[in-house]
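> Following this line is data-v6.txt, made up of compact mmCIF, C-alpha atoms and all ligand atoms:
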```txt
# COMPACT_ATOMS: atom_id res chain seq x y z
CA MET Y 1 213.26 89.13 46.60
CA LYS Y 2 212.67 92.00 44.21
CA VAL Y 3 215.25 93.56 41.89
CA ASN Y 4 215.39 97.32 41.34
CA ASN Y 5 212.61 97.76 38.82
CA GLU Y 6 213.86 101.21 37.82
CA TYR Y 7 216.52 99.48 35.70
CA SER Y 8 213.78 98.11 33.45
CA LYS Y 9 213.08 101.72 32.41
CA LEU Y 10 216.56 102.16 30.97
CA LYS Y 11 217.57 101.63 27.37
CA LYS Y 12 218.74 98.03 26.93
CA SER Y 13 222.45 98.94 26.95
CA TYR Y 14 224.67 101.90 27.72
CA LEU Y 15 225.49 103.92 24.56
CA PHE Y 16 229.18 103.12 24.44
CA SER Y 17 228.61 99.43 25.22
CA GLU Y 18 226.18 99.26 22.28
CA ILE Y 19 228.74 100.87 19.98
CA ALA Y 20 231.50 98.53 21.18
CA LYS Y 21 229.23 95.56 20.49
CA ARG Y 22 228.43 96.71 16.96
CA VAL Y 23 232.10 97.37 16.19
CA LYS Y 24 233.10 93.96 17.53
CA ASN Y 25 230.55 92.27 15.26
CA PHE Y 26 231.79 94.27 12.29
CA GLU Y 27 235.40 93.32 13.08
CA LYS Y 28 234.45 89.65 13.26
CA GLU Y 29 232.87 89.81 9.83
CA ASN Y 30 235.60 92.03 8.36
CA PRO Y 31 238.89 90.95 9.96
CA GLN Y 32 240.92 92.82 7.31
CA ALA Y 33 239.29 96.20 7.96
CA ASN Y 34 241.62 98.91 9.24
CA ILE Y 35 239.22 100.53 11.69
CA ILE Y 36 239.78 104.09 12.88
CA ARG Y 37 238.13 104.79 16.23
CA LEU Y 38 236.72 108.26 16.65
CA GLY Y 39 233.82 107.12 18.80
CA ILE Y 40 234.24 107.05 22.57
CA GLY Y 41 236.26 109.97 23.88
CA ASP Y 42 239.14 107.85 25.07
CA VAL Y 43 242.67 109.23 25.05
CA THR Y 44 245.40 107.54 23.03
CA LEU Y 45 248.62 109.29 24.10
CA PRO Y 46 250.48 107.58 26.93
CA ILE Y 47 250.75 109.03 30.44
CA VAL Y 48 253.33 111.85 30.36
CA ASP Y 49 256.85 111.32 31.74
CA ALA Y 50 256.49 113.54 34.81
CA VAL Y 51 253.45 111.56 35.92
CA VAL Y 52 255.01 108.17 35.19
CA GLU Y 53 258.08 109.14 37.22
CA SER Y 54 255.92 110.16 40.15
CA MET Y 55 254.04 106.85 40.02
CA HIS Y 56 257.31 104.90 40.03
CA LYS Y 57 258.38 106.78 43.15
CA ALA Y 58 255.02 106.11 44.75
CA VAL Y 59 255.40 102.37 44.08
CA ASP Y 60 258.76 102.55 45.89
CA ASP Y 61 257.10 104.41 48.78
CA MET Y 62 254.63 101.58 49.13
CA SER Y 63 257.49 99.07 49.34
CA LYS Y 64 259.11 100.64 52.45
CA LYS Y 65 257.84 100.58 56.01
CA GLU Y 66 258.57 104.28 56.60
CA THR Y 67 256.71 105.53 53.53
CA PHE Y 68 254.01 102.89 53.13
CA ARG Y 69 250.40 104.22 53.14
CA GLY Y 70 247.22 102.34 53.88
CA TYR Y 71 243.72 103.77 53.57
CA PRO Y 72 243.87 107.26 52.10
CA PRO Y 73 242.29 110.20 54.00
CA GLU Y 74 238.59 110.69 53.24
CA HIS Y 75 238.86 113.86 51.12
CA GLY Y 76 242.08 112.75 49.41
CA GLN Y 77 245.78 113.09 50.15
CA ASP Y 78 246.82 116.53 51.36
CA PHE Y 79 249.61 116.81 48.79
CA LEU Y 80 247.03 116.48 45.99
CA LEU Y 81 244.30 118.60 47.59
CA GLU Y 82 246.80 121.44 48.05
CA LYS Y 83 247.76 121.33 44.37
CA ILE Y 84 244.14 121.34 43.24
CA GLU Y 85 243.29 124.17 45.63
CA ASN Y 86 246.21 126.31 44.48
CA PHE Y 87 246.48 125.61 40.75
CA ASP Y 88 242.84 125.08 39.79
CA TYR Y 89 241.29 127.67 42.10
CA LYS Y 90 243.43 130.07 44.19
CA ASP Y 91 245.78 130.92 41.28
CA ARG Y 92 242.72 131.83 39.26
CA GLY Y 93 241.38 134.05 42.01
CA LEU Y 94 238.77 131.52 43.14
CA ASN Y 95 238.11 130.95 46.77
CA ILE Y 96 237.82 127.16 47.00
CA SER Y 97 239.58 125.42 49.88
CA LYS Y 98 240.86 121.91 50.50
CA ASP Y 99 237.94 120.87 52.67
CA GLU Y 100 235.57 121.65 49.81
CA ILE Y 101 237.40 119.28 47.45
CA PHE Y 102 236.79 115.51 47.34
CA VAL Y 103 239.20 113.35 45.33
CA SER Y 104 237.50 110.45 43.59
CA ASP Y 105 237.90 107.87 40.85
CA GLY Y 106 236.41 110.19 38.23
CA ALA Y 107 233.62 112.49 37.16
CA LYS Y 108 231.47 109.72 35.66
CA SER Y 109 231.00 108.02 39.03
CA ASP Y 110 230.61 111.27 40.94
CA THR Y 111 227.96 112.76 38.64
CA GLY Y 112 225.95 109.58 39.21
CA ASN Y 113 226.76 109.04 42.90
CA ILE Y 114 225.93 112.62 43.89
CA LEU Y 115 222.26 111.69 43.48
CA ASP Y 116 222.49 109.78 46.77
CA ILE Y 117 222.27 113.08 48.65
CA PHE Y 118 219.10 114.29 46.94
CA GLU Y 119 215.47 113.26 47.50
CA LYS Y 120 213.89 111.09 44.83
CA ASP Y 121 211.07 113.54 44.10
CA ASN Y 122 213.32 116.35 42.83
CA ILE Y 123 212.76 117.51 39.26
CA VAL Y 124 215.96 117.16 37.30
CA ALA Y 125 216.80 119.22 34.20
CA VAL Y 126 219.29 117.89 31.70
CA CYS Y 127 220.23 119.22 28.32
CA ASP Y 128 219.27 117.25 25.25
CA PRO Y 129 221.57 116.08 23.69
CA ILE Y 130 223.83 115.26 26.63
CA TYR Y 131 226.26 112.74 28.16
CA PRO Y 132 223.89 109.80 28.81
CA VAL Y 133 225.15 109.13 32.34
CA TYR Y 134 223.12 112.04 33.76
CA VAL Y 135 219.84 110.63 32.47
CA ASP Y 136 220.56 106.94 33.10
CA THR Y 137 221.69 107.46 36.71
CA ASN Y 138 218.55 109.47 37.45
CA VAL Y 139 216.38 106.74 35.97
CA MET Y 140 218.23 104.18 38.11
CA ALA Y 141 217.55 106.39 41.13
CA GLY Y 142 213.81 106.34 40.42
CA ARG Y 143 213.44 109.68 38.66
CA ASP Y 144 212.02 108.42 35.38
CA GLY Y 145 209.20 110.87 34.70
CA LYS Y 146 210.90 113.55 36.82
CA ILE Y 147 213.41 114.53 34.16
CA VAL Y 148 212.85 117.64 32.06
CA PHE Y 149 214.91 118.22 28.96
CA LEU Y 150 216.54 121.51 28.03
CA GLU Y 151 216.52 121.14 24.30
CA THR Y 152 219.45 122.49 22.39
CA SER Y 153 219.64 122.57 18.61
CA SER Y 154 221.12 124.46 15.70
CA GLU Y 155 218.47 127.13 16.45
CA ASN Y 156 220.13 128.06 19.74
CA ASP Y 157 223.63 127.02 18.63
CA PHE Y 158 223.41 124.11 21.07
CA CYS Y 159 223.55 126.52 24.00
CA PRO Y 160 221.35 125.46 26.96
CA GLN Y 161 218.40 127.72 27.80
CA LEU Y 162 216.87 128.13 31.28
CA PRO Y 163 214.20 125.60 32.29
CA LYS Y 164 210.64 126.69 31.55
CA GLN Y 165 209.33 124.87 34.61
CA LYS Y 166 210.93 124.79 38.04
CA ALA Y 167 213.85 122.38 38.16
CA ASP Y 168 215.50 121.40 41.44
CA ILE Y 169 218.67 119.91 40.03
CA ILE Y 170 220.21 121.11 36.78
CA TYR Y 171 223.11 119.44 35.01
CA LEU Y 172 225.40 121.56 32.87
CA CYS Y 173 228.41 120.31 30.97
CA SER Y 174 230.81 122.86 29.51
CA PRO Y 175 232.74 122.41 27.28
CA ASN Y 176 229.87 120.24 26.30
CA ASN Y 177 229.81 116.54 25.68
CA PRO Y 178 228.67 115.79 22.98
CA THR Y 179 228.23 119.08 21.10
CA GLY Y 180 231.65 120.60 21.85
CA THR Y 181 230.08 124.00 22.56
CA THR Y 182 231.23 126.05 25.54
CA MET Y 183 229.05 128.29 27.69
CA ASP Y 184 230.28 131.84 28.21
CA LYS Y 185 230.11 133.72 31.50
CA ASN Y 186 226.81 135.41 30.69
CA SER Y 187 224.99 132.19 29.89
CA LEU Y 188 226.37 130.55 33.03
CA LYS Y 189 225.42 133.57 35.12
CA ALA Y 190 221.79 133.17 34.01
CA PHE Y 191 221.79 129.59 35.36
CA VAL Y 192 223.52 130.60 38.60
CA ASP Y 193 220.93 133.34 39.19
CA TYR Y 194 218.11 130.94 38.35
CA ALA Y 195 219.47 128.34 40.79
CA ASN Y 196 219.90 130.83 43.62
CA GLU Y 197 216.44 132.31 43.07
CA ASN Y 198 214.75 128.91 42.87
CA ASP Y 199 216.69 127.07 45.55
CA SER Y 200 217.98 124.71 42.86
CA ILE Y 201 221.37 123.03 42.60
CA LEU Y 202 223.63 123.16 39.54
CA LEU Y 203 225.70 120.08 38.83
CA PHE Y 204 228.48 121.49 36.70
CA ASP Y 205 230.56 118.95 34.81
CA SER Y 206 233.78 120.54 33.64
CA ALA Y 207 235.64 117.36 32.70
CA TYR Y 208 236.80 119.06 29.49
CA GLU Y 209 237.99 122.38 30.97
CA ALA Y 210 241.62 121.66 29.99
CA PHE Y 211 240.60 122.12 26.35
CA VAL Y 212 239.48 125.71 26.90
CA THR Y 213 242.12 127.91 25.31
CA ASP Y 214 239.98 131.05 24.88
CA LYS Y 215 240.87 133.20 27.90
CA ASN Y 216 237.38 134.75 27.96
CA LEU Y 217 235.64 131.43 28.51
CA PRO Y 218 235.17 130.08 32.05
CA LYS Y 219 236.81 126.83 33.11
CA SER Y 220 235.10 126.69 36.47
CA ILE Y 221 231.54 127.51 37.53
CA TYR Y 222 233.04 129.38 40.51
CA GLU Y 223 234.24 132.07 38.10
CA ILE Y 224 230.59 133.12 38.15
CA ASP Y 225 229.39 135.30 41.03
CA GLY Y 226 226.97 133.46 43.27
CA ALA Y 227 227.99 129.95 42.18
CA GLU Y 228 229.30 128.98 45.61
CA THR Y 229 225.77 129.01 47.01
CA CYS Y 230 224.26 126.85 44.26
CA ALA Y 231 226.82 124.76 42.37
CA ILE Y 232 228.74 121.52 42.68
CA GLU Y 233 231.63 121.12 40.24
CA PHE Y 234 233.01 117.86 38.80
CA ARG Y 235 236.52 117.66 37.40
CA SER Y 236 238.49 114.80 35.96
CA PHE Y 237 242.09 113.93 35.15
CA SER Y 238 240.84 111.56 32.44
CA LYS Y 239 240.83 113.92 29.49
CA THR Y 240 243.14 116.49 31.09
CA ALA Y 241 246.02 114.11 31.73
CA GLY Y 242 245.12 110.86 29.99
CA PHE Y 243 243.88 109.13 33.17
CA THR Y 244 240.97 107.25 31.56
CA GLY Y 245 242.66 104.01 32.57
CA LEU Y 246 244.18 105.29 35.83
CA ARG Y 247 240.99 106.80 37.29
CA CYS Y 248 241.14 110.04 39.22
CA GLY Y 249 238.96 113.13 39.43
CA TYR Y 250 237.48 115.37 42.06
CA THR Y 251 234.27 117.05 43.09
CA VAL Y 252 233.93 120.45 44.72
CA VAL Y 253 231.07 121.01 47.17
CA PRO Y 254 231.38 124.51 48.65
CA LYS Y 255 230.68 125.00 52.34
CA LYS Y 256 228.32 127.81 51.45
CA LEU Y 257 226.08 125.35 49.65
CA VAL Y 258 223.21 124.82 52.07
CA ARG Y 259 219.65 123.66 51.36
CA ASN Y 260 216.89 123.32 53.97
CA GLY Y 261 219.49 124.21 56.60
CA VAL Y 262 221.63 121.23 55.60
CA SER Y 263 225.24 121.52 54.41
CA LEU Y 264 225.67 119.61 51.15
CA ASN Y 265 229.39 119.46 51.83
CA GLU Y 266 228.68 117.51 55.03
CA LEU Y 267 226.21 115.22 53.26
CA TRP Y 268 228.66 114.41 50.49
CA ALA Y 269 231.46 113.86 53.03
CA ARG Y 270 229.15 111.45 54.88
CA ARG Y 271 228.24 109.64 51.68
CA GLN Y 272 231.81 109.27 50.53
CA ALA Y 273 233.11 108.18 53.93
CA THR Y 274 230.50 105.41 53.95
CA LYS Y 275 230.57 104.17 50.36
CA PHE Y 276 234.03 105.06 49.04
CA ASN Y 277 237.50 104.25 50.29
CA GLY Y 278 239.42 106.73 48.22
CA VAL Y 279 241.83 106.68 45.33
CA SER Y 280 245.07 104.70 45.55
CA TYR Y 281 248.16 106.48 46.85
CA ILE Y 282 249.98 105.76 43.57
CA THR Y 283 247.21 107.34 41.52
CA GLN Y 284 247.04 110.40 43.77
CA ARG Y 285 250.81 110.85 43.41
CA ALA Y 286 250.26 110.57 39.65
CA ALA Y 287 247.61 113.30 39.80
CA GLU Y 288 249.88 115.47 41.95
CA ALA Y 289 252.55 115.37 39.23
CA VAL Y 290 250.05 116.76 36.73
CA TYR Y 291 250.60 120.10 38.49
CA SER Y 292 254.43 120.06 38.45
CA LYS Y 293 256.11 122.40 35.98
CA GLU Y 294 257.15 119.51 33.72
CA GLY Y 295 253.78 117.83 34.13
CA ARG Y 296 251.89 120.94 33.10
CA GLU Y 297 254.07 121.49 30.03
CA GLN Y 298 253.82 117.87 28.91
CA ILE Y 299 250.08 117.80 29.39
CA GLU Y 300 249.59 121.07 27.58
CA SER Y 301 251.38 119.59 24.60
CA ASN Y 302 249.05 116.55 24.63
CA ILE Y 303 245.99 118.77 24.79
CA ALA Y 304 247.32 120.82 21.86
CA TYR Y 305 247.78 117.56 19.93
CA TYR Y 306 244.16 116.51 20.49
CA LEU Y 307 242.88 120.00 19.69
CA ASN Y 308 244.85 119.94 16.48
CA ASN Y 309 243.23 116.62 15.56
CA ALA Y 310 239.83 118.16 16.22
CA LYS Y 311 240.74 121.05 13.95
CA ILE Y 312 241.84 118.65 11.18
CA ILE Y 313 238.46 116.90 11.34
CA ALA Y 314 236.59 120.21 11.43
CA LYS Y 315 238.45 121.55 8.40
CA GLY Y 316 237.86 118.30 6.51
CA LEU Y 317 234.12 118.47 7.18
CA GLU Y 318 234.03 122.12 6.21
CA SER Y 319 235.77 121.36 2.92
CA ILE Y 320 232.90 119.06 1.92
CA GLY Y 321 230.24 121.54 3.03
CA ILE Y 322 229.33 119.99 6.38
CA LYS Y 323 228.54 122.45 9.16
CA TYR Y 324 230.02 121.50 12.51
CA TYR Y 325 230.01 122.63 16.14
CA GLY Y 326 232.83 122.36 18.69
CA ALA Y 327 236.43 121.51 17.73
CA GLU Y 328 237.52 124.72 19.46
CA ASN Y 329 237.99 124.63 23.22
CA SER Y 330 236.79 121.05 22.95
CA PRO Y 331 238.00 117.69 21.64
CA TYR Y 332 234.56 116.95 20.13
CA ILE Y 333 233.21 117.73 16.69
CA TRP Y 334 229.43 117.62 16.32
CA PHE Y 335 227.75 117.79 12.94
CA LYS Y 336 224.57 117.18 11.02
CA VAL Y 337 224.64 113.98 9.00
CA PRO Y 338 223.86 114.19 5.26
CA ASP Y 339 220.11 114.34 4.61
CA LYS Y 340 219.47 110.75 3.54
CA PHE Y 341 220.73 109.38 6.88
CA ASP Y 342 219.67 109.35 10.50
CA SER Y 343 222.29 109.06 13.25
CA TRP Y 344 222.49 105.26 13.40
CA SER Y 345 222.30 104.68 9.63
CA PHE Y 346 225.17 107.15 9.26
CA PHE Y 347 227.08 105.22 11.96
CA ASP Y 348 226.62 101.99 9.94
CA TYR Y 349 227.47 103.70 6.65
CA LEU Y 350 230.68 105.23 8.05
CA LEU Y 351 231.74 101.94 9.60
CA GLU Y 352 231.01 99.88 6.49
CA LYS Y 353 232.23 102.25 3.80
CA ALA Y 354 235.10 104.02 5.55
CA ASN Y 355 235.81 101.75 8.54
CA ILE Y 356 235.44 104.72 10.87
CA VAL Y 357 233.74 104.51 14.25
CA GLY Y 358 231.89 107.60 15.47
CA THR Y 359 229.06 108.19 17.91
CA PRO Y 360 225.45 108.59 16.71
CA GLY Y 361 224.02 111.84 18.02
CA VAL Y 362 220.70 110.26 18.96
CA GLY Y 363 222.58 108.20 21.57
CA PHE Y 364 222.88 111.47 23.52
CA GLY Y 365 219.15 112.20 23.39
CA ALA Y 366 216.26 112.69 21.00
CA MET Y 367 217.49 116.14 19.96
CA GLY Y 368 220.72 114.51 18.77
CA GLU Y 369 218.86 112.60 16.03
CA GLY Y 370 220.36 113.46 12.66
CA TYR Y 371 223.66 114.46 14.26
CA PHE Y 372 226.95 112.69 14.79
CA ARG Y 373 230.00 113.09 17.03
CA LEU Y 374 233.67 112.51 16.21
CA THR Y 375 236.57 112.95 18.61
CA GLY Y 376 240.04 114.43 18.36
CA PHE Y 377 241.43 111.80 20.72
CA ALA Y 378 242.82 109.40 18.11
CA ASP Y 379 246.36 109.36 16.86
CA SER Y 380 247.14 112.18 14.46
CA ASP Y 381 247.94 110.05 11.38
CA SER Y 382 244.77 108.02 11.80
CA THR Y 383 242.79 111.24 12.17
CA LYS Y 384 244.19 112.56 8.87
CA GLU Y 385 243.50 109.22 7.23
CA ALA Y 386 239.92 109.25 8.55
CA VAL Y 387 239.33 112.71 7.11
CA GLU Y 388 240.58 111.56 3.69
CA ARG Y 389 238.28 108.55 3.84
CA ILE Y 390 235.29 110.75 4.73
CA LYS Y 391 236.08 113.15 1.88
CA ASN Y 392 236.09 110.21 -0.55
CA LEU Y 393 232.62 109.06 0.42
CA SER Y 394 229.67 109.98 -1.70
CA PHE Y 395 226.73 111.17 0.31
C1 LIG E 1 232.47 110.02 25.82
O1 LIG E 1 232.94 109.53 24.80
O2 LIG E 1 231.39 110.63 25.82
C2 LIG E 1 233.23 109.89 27.08
O3 LIG E 1 234.46 109.33 26.86
C3 LIG E 1 232.55 109.05 28.02
C4 LIG E 1 233.10 109.25 29.39
O4 LIG E 1 233.88 110.15 29.66
O5 LIG E 1 232.68 108.47 30.23
```
Would you mind writing the file out in structure tokens?

Amino acid sequence: MKVNNEYSKLKKSYLFSEIAKRVKNFEKENPQANIIRLGIGDVTLPIVDAVVESMHKAVDDMSKKETFRGYPPEHGQDFLLEKIENFDYKDRGLNISKDEIFVSDGAKSDTGNILDIFEKDNIVAVCDPIYPVYVDTNVMAGRDGKIVFLETSSENDFCPQLPKQKADIIYLCSPNNPTGTTMDKNSLKAFVDYANENDSILLFDSAYEAFVTDKNLPKSIYEIDGAETCAIEFRSFSKTAGFTGLRCGYTVVPKKLVRNGVSLNELWARRQATKFNGVSYITQRAAEAVYSKEGREQIESNIAYYLNNAKIIAKGLESIGIKYYGAENSPYIWFKVPDKFDSWSFFDYLLEKANIVGTPGVGFGAMGEGYFRLTGFADSDSTKEAVERIKNLSF
């Protein structure tokens, strides 16, 4: 028997597991500390009323013979697919249809699982810094050594530049995790053209699209001409509607997306039908309610709350002369740590001296060294308190 040796090429633990471990140790040694968590991008507001109501009804449905549901349909329940198709695409003038949408348990799993439909010897381009799942899942799939990094830094305002060598699969995340920067239509168009010219595939993670308030910025890759022949889009209800604990998202694989004469939509449908049994009826009813009038209003107010937190942090940093990125159209604030620190020593310093948890930039890639990420997802009072604590530190 042999275990998958590719796992030995990974970092010892997943970034957020490592942080959780360090915080737990700190808590054990400092039980009195009032810790403020601005590390992992986990939501803190409860599920909104419209969604809760819909879930209650769905539980009742499951209790009656006439309305009980067993295995969900492979793509997802029609009532949810229709809402996604209409609200997220058709209403915005985008031609995506139900049979191009696949409901899943979230963007994290899908961005990793999608690799099942691609050959191992593809060259994969990922931004650096970036959400570590893209890199780790490729290493697990045997692509260590086949990953090229698109370095972003203060020199290019953390905006991804086209690969210098041919890349077959390119991940983009906008609004970006971790830097909070958002790609405009022109920069996305350059990637779409590159992908179409080079027969590459774009994997576009737009888990944070709900935070885009600037009307000129794209929320979907399909707002860009030509994207339907080169891009797969990942969306999530986690940050949009507070579903981090409920689990629901979806992936769009357009029918026009064909490589070597093979439909990627058909491949993904085949993969999902074999390895995934869908999202629970109750959760899909919950997601459906996100699109009701009440649901949309309630969710919008939650997003505004998190964006306001991000602004509070950004202003606080600015007031002590720290340059930041993000915080607009994004829940993340990304900044350079004071000179005497690196990312992890700043993490320790902030935890020890201010009892604040953040995320070390280097955890998102080598280019993140010397940077740090905070989130707007905490409760508003704690966010204000955290900013005061940071202002009182001496760097
Ligand atoms: C993050 O903090 O980067 C995210 O919450 C992680 C995730 O969405 O899986």
> Find the residues around range 362-367 of chain Y up to 7 Å (only C-alpha atoms counted), leave out those fewer than 5 positions away in its own chain, and share them as a PyMOL selection string.
chain Y and resi 15+128-132+151+153+343
> Leaving out range 67-70 of chain Y and any residue of its chain fewer than 3 positions from it, which residues lie within 10 Å of it when counting all atoms listed in the file, given as a PyMOL selection string?
chain Y and resi 58-64+73+280-282
> Calculated over all atoms listed in the file, which of the candidates Y:Tyr222, Y:Phe79, Y:Phe87, Y:Phe237 has the smallest distance to Ala107 in chain Y?
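Of the candidates, the smallest distance to Ala107 in chain Y is held by Y:Phe237.
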> For the contact check between chain Y and ligand LIG 1 (chain E), emit one row per residue of chain Y within 9 Å, containing the shortest atom pair and the distance in Å rounded to one decimal, counting only C-alpha atoms and all ligand atoms, chain then rising number order, as JSON lines.

```
{"residue": "Y:Phe16", "atom": "CA", "partner": "E:LIG1", "partner_atom": "O1", "distance": 7.4}
{"residue": "Y:Gly39", "atom": "CA", "partner": "E:LIG1", "partner_atom": "O1", "distance": 6.5}
{"residue": "Y:Ile40", "atom": "CA", "partner": "E:LIG1", "partner_atom": "O1", "distance": 3.6}
{"residue": "Y:Gly41", "atom": "CA", "partner": "E:LIG1", "partner_atom": "O1", "distance": 3.5}
{"residue": "Y:Asp42", "atom": "CA", "partner": "E:LIG1", "partner_atom": "O3", "distance": 5.2}
{"residue": "Y:Val43", "atom": "CA", "partner": "E:LIG1", "partner_atom": "O3", "distance": 8.4}
{"residue": "Y:Gly106", "atom": "CA", "partner": "E:LIG1", "partner_atom": "O4", "distance": 8.9}
{"residue": "Y:Ala107", "atom": "CA", "partner": "E:LIG1", "partner_atom": "O4", "distance": 7.9}
{"residue": "Y:Lys108", "atom": "CA", "partner": "E:LIG1", "partner_atom": "O5", "distance": 5.7}
{"residue": "Y:Ser109", "atom": "CA", "partner": "E:LIG1", "partner_atom": "O5", "distance": 9.0}
{"residue": "Y:Ile130", "atom": "CA", "partner": "E:LIG1", "partner_atom": "O2", "distance": 8.9}
{"residue": "Y:Tyr131", "atom": "CA", "partner": "E:LIG1", "partner_atom": "O2", "distance": 6.0}
{"residue": "Y:Pro132", "atom": "CA", "partner": "E:LIG1", "partner_atom": "O2", "distance": 8.1}
{"residue": "Y:Val133", "atom": "CA", "partner": "E:LIG1", "partner_atom": "O5", "distance": 7.8}
{"residue": "Y:Asn177", "atom": "CA", "partner": "E:LIG1", "partner_atom": "O2", "distance": 6.1}
{"residue": "Y:Pro178", "atom": "CA", "partner": "E:LIG1", "partner_atom": "O2", "distance": 6.5}
{"residue": "Y:Ala207", "atom": "CA", "partner": "E:LIG1", "partner_atom": "O4", "distance": 8.0}
{"residue": "Y:Ser238", "atom": "CA", "partner": "E:LIG1", "partner_atom": "O4", "distance": 7.6}
{"residue": "Y:Lys239", "atom": "CA", "partner": "E:LIG1", "partner_atom": "O4", "distance": 7.9}
{"residue": "Y:Thr244", "atom": "CA", "partner": "E:LIG1", "partner_atom": "O4", "distance": 7.9}
{"residue": "Y:Tyr332", "atom": "CA", "partner": "E:LIG1", "partner_atom": "O1", "distance": 8.9}
{"residue": "Y:Thr359", "atom": "CA", "partner": "E:LIG1", "partner_atom": "O1", "distance": 8.0}
{"residue": "Y:Phe364", "atom": "CA", "partner": "E:LIG1", "partner_atom": "O2", "distance": 8.9}
{"residue": "Y:Thr375", "atom": "CA", "partner": "E:LIG1", "partner_atom": "O1", "distance": 7.9}
```
> Quick one: everything within 9 Å of range 314-331 of chain Y, counting all atoms listed in the file, minus sequence neighbours fewer than 5 positions away in the same chain. Send it as a ChimeraX atom specification.
/Y:41,157-158,175-182,208-214,217,303,306-309,336-338,374-377,384,387-388,390-391
> Box along x, y and z, 6 Å on every side, all listed atoms of range 380-395 of chain Y inside: centre and edge lengths in Å to one decimal, as JSON.

```
{"center_x": 237.3, "center_y": 110.6, "center_z": 6.4, "size_x": 33.2, "size_y": 17.1, "size_z": 28.2}
```
> Tell me, in Å to one decimal, how far CA of Leu80 in chain Y is from CA of Glu288 in chain Y.
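Answer for the CA of Leu80 in chain Y to CA of Glu288 in chain Y separation: 5.0 Å.
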> Any idea what's packed within 10 Å of range 20-30 of chain Y, counting all atoms listed in the file, ignoring anything in its chain fewer than 3 positions away? Could you give it as a PDB file with C-alpha atoms, keeping the file's coordinate frame?

```pdb
ATOM      1  CA  SER Y  13     222.450  98.940  26.950  1.00  0.00           C
ATOM      2  CA  LEU Y  15     225.490 103.920  24.560  1.00  0.00           C
ATOM      3  CA  PHE Y  16     229.180 103.120  24.440  1.00  0.00           C
ATOM      4  CA  SER Y  17     228.610  99.430  25.220  1.00  0.00           C
ATOM      5  CA  ALA Y  33     239.290  96.200   7.960  1.00  0.00           C
ATOM      6  CA  ASN Y  34     241.620  98.910   9.240  1.00  0.00           C
ATOM      7  CA  ILE Y  35     239.220 100.530  11.690  1.00  0.00           C
ATOM      8  CA  ARG Y  37     238.130 104.790  16.230  1.00  0.00           C
ATOM      9  CA  GLY Y  39     233.820 107.120  18.800  1.00  0.00           C
ATOM     10  CA  ILE Y  40     234.240 107.050  22.570  1.00  0.00           C
ATOM     11  CA  PHE Y 347     227.080 105.220  11.960  1.00  0.00           C
ATOM     12  CA  ASP Y 348     226.620 101.990   9.940  1.00  0.00           C
ATOM     13  CA  LEU Y 351     231.740 101.940   9.600  1.00  0.00           C
ATOM     14  CA  GLU Y 352     231.010  99.880   6.490  1.00  0.00           C
ATOM     15  CA  ASN Y 355     235.810 101.750   8.540  1.00  0.00           C
ATOM     16  CA  ILE Y 356     235.440 104.720  10.870  1.00  0.00           C
ATOM     17  CA  VAL Y 357     233.740 104.510  14.250  1.00  0.00           C
TER      18      VAL Y 357
END
```
> With distances taken over only C-alpha atoms, which of Y:Ser200, Y:Thr251, Y:Asn302, Y:Asn95 is nearest to Lys166 in chain Y?
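Closest to Lys166 in chain Y, using only C-alpha atoms: Y:Ser200.
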> What is the distance, in Å and to one decimal place, between CA of Gly145 in chain Y and CA of Ile123 in chain Y?
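Calculated distance between CA of Gly145 in chain Y and CA of Ile123 in chain Y is 8.8 Å.
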> Could you add N, CA, C and O atoms to range 372-378 of chain Y and give me the result as a PDB file, in the coordinates of the input?

```
ATOM      1  N   PHE Y 372     225.906 113.688  14.618  1.00  0.00           N
ATOM      2  CA  PHE Y 372     226.950 112.690  14.790  1.00  0.00           C
ATOM      3  C   PHE Y 372     228.120 113.339  15.523  1.00  0.00           C
ATOM      4  O   PHE Y 372     228.366 114.537  15.370  1.00  0.00           O
ATOM      5  N   ARG Y 373     228.856 112.535  16.315  1.00  0.00           N
ATOM      6  CA  ARG Y 373     230.000 113.090  17.030  1.00  0.00           C
ATOM      7  C   ARG Y 373     231.282 112.346  16.664  1.00  0.00           C
ATOM      8  O   ARG Y 373     231.310 111.119  16.614  1.00  0.00           O
ATOM      9  N   LEU Y 374     232.329 113.101  16.391  1.00  0.00           N
ATOM     10  CA  LEU Y 374     233.670 112.510  16.210  1.00  0.00           C
ATOM     11  C   LEU Y 374     234.589 113.113  17.270  1.00  0.00           C
ATOM     12  O   LEU Y 374     234.321 114.202  17.785  1.00  0.00           O
ATOM     13  N   THR Y 375     235.669 112.409  17.594  1.00  0.00           N
ATOM     14  CA  THR Y 375     236.570 112.950  18.610  1.00  0.00           C
ATOM     15  C   THR Y 375     237.963 113.212  18.054  1.00  0.00           C
ATOM     16  O   THR Y 375     238.391 112.589  17.076  1.00  0.00           O
ATOM     17  N   GLY Y 376     238.660 114.120  18.723  1.00  0.00           N
ATOM     18  CA  GLY Y 376     240.040 114.430  18.360  1.00  0.00           C
ATOM     19  C   GLY Y 376     241.033 113.588  19.147  1.00  0.00           C
ATOM     20  O   GLY Y 376     242.234 113.877  19.138  1.00  0.00           O
ATOM     21  N   PHE Y 377     240.553 112.551  19.819  1.00  0.00           N
ATOM     22  CA  PHE Y 377     241.430 111.800  20.720  1.00  0.00           C
ATOM     23  C   PHE Y 377     242.257 110.703  20.056  1.00  0.00           C
ATOM     24  O   PHE Y 377     243.043 110.044  20.729  1.00  0.00           O
ATOM     25  N   ALA Y 378     242.062 110.495  18.756  1.00  0.00           N
ATOM     26  CA  ALA Y 378     242.820 109.400  18.110  1.00  0.00           C
ATOM     27  C   ALA Y 378     244.241 109.872  17.812  1.00  0.00           C
ATOM     28  O   ALA Y 378     244.618 111.007  18.100  1.00  0.00           O
TER      29      ALA Y 378
END
```
